[in-house]
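J.: Have a look at this one before I ask anything.
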Amino acid sequence: MLILGEILNSRSRDESPRQHGFKVNHRRKYIVNGDYKGHYNILAELVDTFGPRDGTQTFFFYCRSDLFIIIRNCNLFQTGSGQLEAAIDWMLEKSHEEGLENIHTEDVSVPHWVRNNESAWMVLPRLHKLNMLGLGSSVGTPPEGIRAEVLVVKDFDDLEANAHLSNRTSPAAGTSVAHNPPWVSYGETVQYRASGATRAAKVGAVASLIRSVGPFSINSPHTGHQYYGDAPAKIPTACITVEDAAMMERMQDRGQKIEVLLTMGAMNYPDFVSRNSIVEVEGLEWPDETVVVSGPPSSWDVGSQGAMDIEGECARDAVGVSVARRSGRDGGASDVKVESAV
């Protein structure tokens with residue numbers, strides 16, 4: 001709740017601590033008991049209306065001149081869909097209804113990736129369906145899929161050092177590499193999702209599987225974007241659950257041979273022209289100053305109506321701007337100035 005916290009705690013240069021305390025209490029009461037009590041109904045209306053949204057779009061709540069600015073990067077992946085464009089129109093309509101200023105859009109070229117049908121089965125040492133999700137921008141497999149022996153590694157050093165476990169002449173050649181790094185933090189562990197396929201391709205792998213990036217799981221995969229970078233070949237890549245990654249590592253430690261059949265219909269299409277949406281709320285003080293507060297909420301095509309990642313921040317940020325405008329109109333937030341960027 002950082003943005004709402006900034007609205008509560010922003011302080012004018014010349015106000016006393018006592019005056020500031022009265023203002024904070026005024027804003028807190030307005031947010032908790034005023035027009036926007038239960039403001040996540042905005043999020044509910046958005047996802048109920050449009051469902052999982054395909055696309056990457058940047059939606060800006062831009063409050064300028066002595067004000068505060070909220071720039072929201074809504075990375076709504078799988079761009080190019082009608083749902084995304086309809087959702088943009090909906091957000092613009094809501095901004096007009098709220099009386100925000102300078103509402104406009106800018107064309108932006110965005111990636112267009114489509115998941116299509118996908119599945120993964122462990123076929124050795126026993127038959128087991130793997131819960132999986134393809135990673136954003138991944139290439140697909142041939143229609144018949146890719147069946148390959150699995151090499152489980154703990155980190156990139158382990159990949160280089162133990163690639164010979166595939167019992168092949170070249171390191172990991174012909175295998176599917178399963179990355180099972182220990183959870184440290186999102187910032188550190190996400191590198192295996194971002195570049196795991198590239199690193200696996202460099203040692204000759206034909207596919208890459210990634211332990212979902214998270215501290216725990218309920219047998220649910222967590223997707224995200226990946227980047228091929230300088231990979232010598234683009235190989236299909238998907239995330240699997242924490243439980244399945246741990247199981248395959250135990251099997252490998254026992255000397256069991258593991259094989260997985262991976263089938264992915266993922267397709268990359270030419271870039272699509274979508275829109276950035278920009279909305280301004282002009283402040284009443286410090287007209288020569290501009291402050292930006294930014295955040296990257298995401299909504300994928302999977303999960304609970306596409307809103308399971310951090311799409312709730314979209315509703316929170318939108319409400320933050322409107323709360324500042326409405327409370328300012330009543331004399332309670334005319335001097336709001338957010339000084340930190342998220």
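Ordering of the structure tokens sets the chain letters (A, B, ...); residue numbers start at 1 within each chain; ligands are numbered from 1 in the order shown.
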At a cut-off of 10 Å, using only C-alpha atoms, what residues contact Met251 of chain A? Leave out same-chain residues fewer than 6 positions from it and give the result as a count of residues only.

T.: 4

J.: Could you work out how far atom CA of Pro142 of chain A lies from atom CA of Asn219 of chain A, giving the answer in Å with one decimal?

T.: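 For atom CA of Asn219 of chain A relative to atom CA of Pro142 of chain A, the distance reads 26.7 Å.
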
J.: Can you list, as a list in words, every protein, DNA or RNA residue that comes within 6 Å of Gly136 of chain A when you count only C-alpha atoms, leaving out same-chain residues fewer than 3 positions away?

T.: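 Selected residues are Gly224, His225 and Gln226 of chain A.
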
J.: In Å, how far is it from atom CA of Asp158 of chain A to atom CA of Gln252 of chain A?

T.: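 Separation of atom CA of Asp158 of chain A and atom CA of Gln252 of chain A: 13.7 Å.
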
J.: Just the number, please: distance in Å from atom CA of Val260 of chain A to atom CA of Pro215 of chain A, one decimal.

T.: 24.3 Å

J.: Between A:Ala178, A:Met91, A:Ile146, A:Val139, which has the minimum distance to Val114 of chain A (counting only C-alpha atoms)?

T.: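 Selected residue with least distance to Val114 of chain A: A:Val139.
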
J.: DSSP says strand (DSSP E or B) for which residues of segment 109-302 of chain A? Put them as an MDAnalysis selection string?

T.: chainID A and resid 109:114 118:124 128:130 132:134 136 146:153 176:179 207:211 225 237:240 259:264 267:280 292:295 298:299

J.: Since we have the selection now, will you write its residues out, keeping C-alpha atoms, as a tab-separated table (two decimals), in the first residue's frame?

T.:
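Wrote it out as result.tsv, contents follow:
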chain	number	residue	atom	x	y	z
A	109	SER	CA	4.88	-1.47	-30.44
A	110	VAL	CA	4.59	-4.52	-28.20
A	111	PRO	CA	5.46	-8.23	-28.47
A	112	HIS	CA	2.76	-10.65	-29.55
A	113	TRP	CA	3.18	-14.13	-28.07
A	114	VAL	CA	0.44	-16.76	-27.87
A	118	GLU	CA	0.76	-27.19	-23.92
A	119	SER	CA	1.51	-30.16	-21.67
A	120	ALA	CA	4.35	-32.03	-19.98
A	121	TRP	CA	4.47	-35.68	-18.93
A	122	MET	CA	7.16	-37.49	-17.03
A	123	VAL	CA	7.30	-40.87	-18.82
A	124	LEU	CA	10.24	-42.38	-16.89
A	128	HIS	CA	3.20	-38.60	-14.15
A	129	LYS	CA	1.49	-35.48	-15.50
A	130	LEU	CA	3.51	-32.35	-14.72
A	132	MET	CA	3.42	-26.64	-16.25
A	133	LEU	CA	3.15	-23.26	-17.97
A	134	GLY	CA	5.16	-22.10	-20.95
A	136	GLY	CA	6.64	-15.83	-22.22
A	146	ILE	CA	10.15	-33.35	-27.42
A	147	ARG	CA	10.91	-36.48	-25.41
A	148	ALA	CA	14.28	-36.30	-23.70
A	149	GLU	CA	16.23	-37.41	-20.68
A	150	VAL	CA	16.18	-34.87	-17.86
A	151	LEU	CA	19.24	-33.42	-16.17
A	152	VAL	CA	18.38	-31.67	-12.88
A	153	VAL	CA	20.74	-28.90	-11.78
A	176	SER	CA	15.97	-31.38	-21.09
A	177	VAL	CA	17.62	-29.37	-18.33
A	178	ALA	CA	15.50	-28.91	-15.22
A	179	HIS	CA	16.66	-25.95	-13.13
A	207	ALA	CA	14.49	-28.00	-23.79
A	208	SER	CA	14.56	-26.21	-20.46
A	209	LEU	CA	12.31	-26.60	-17.41
A	210	ILE	CA	12.37	-24.13	-14.52
A	211	ARG	CA	11.29	-24.61	-10.92
A	225	HIS	CA	8.86	-13.87	-19.14
A	237	THR	CA	11.09	-23.52	-22.00
A	238	ALA	CA	8.42	-23.88	-19.33
A	239	CYS	CA	8.02	-23.67	-15.58
A	240	ILE	CA	7.07	-26.66	-13.45
A	259	GLU	CA	12.45	-38.70	-19.23
A	260	VAL	CA	9.88	-35.98	-19.95
A	261	LEU	CA	7.67	-35.45	-22.99
A	262	LEU	CA	7.17	-31.70	-23.45
A	263	THR	CA	4.61	-30.39	-25.94
A	264	MET	CA	4.13	-26.65	-26.50
A	267	MET	CA	3.94	-18.99	-31.25
A	268	ASN	CA	5.71	-15.65	-31.62
A	269	TYR	CA	4.08	-13.21	-34.04
A	270	PRO	CA	5.20	-9.82	-35.41
A	271	ASP	CA	5.01	-6.94	-32.95
A	272	PHE	CA	1.58	-5.43	-32.41
A	273	VAL	CA	0.73	-1.75	-32.10
A	274	SER	CA	-1.11	-1.17	-28.82
A	275	ARG	CA	-1.48	1.98	-26.75
A	276	ASN	CA	0.04	3.66	-23.75
A	277	SER	CA	-2.68	5.45	-21.78
A	278	ILE	CA	-1.84	8.70	-20.05
A	279	VAL	CA	-3.96	10.55	-17.49
A	280	GLU	CA	-2.92	13.70	-15.68
A	292	VAL	CA	7.03	10.06	-10.55
A	293	VAL	CA	5.78	7.03	-8.65
A	294	SER	CA	5.96	3.89	-10.77
A	295	GLY	CA	5.09	0.23	-10.42
A	298	SER	CA	1.31	-7.74	-14.40
A	299	SER	CA	-1.59	-9.80	-15.62
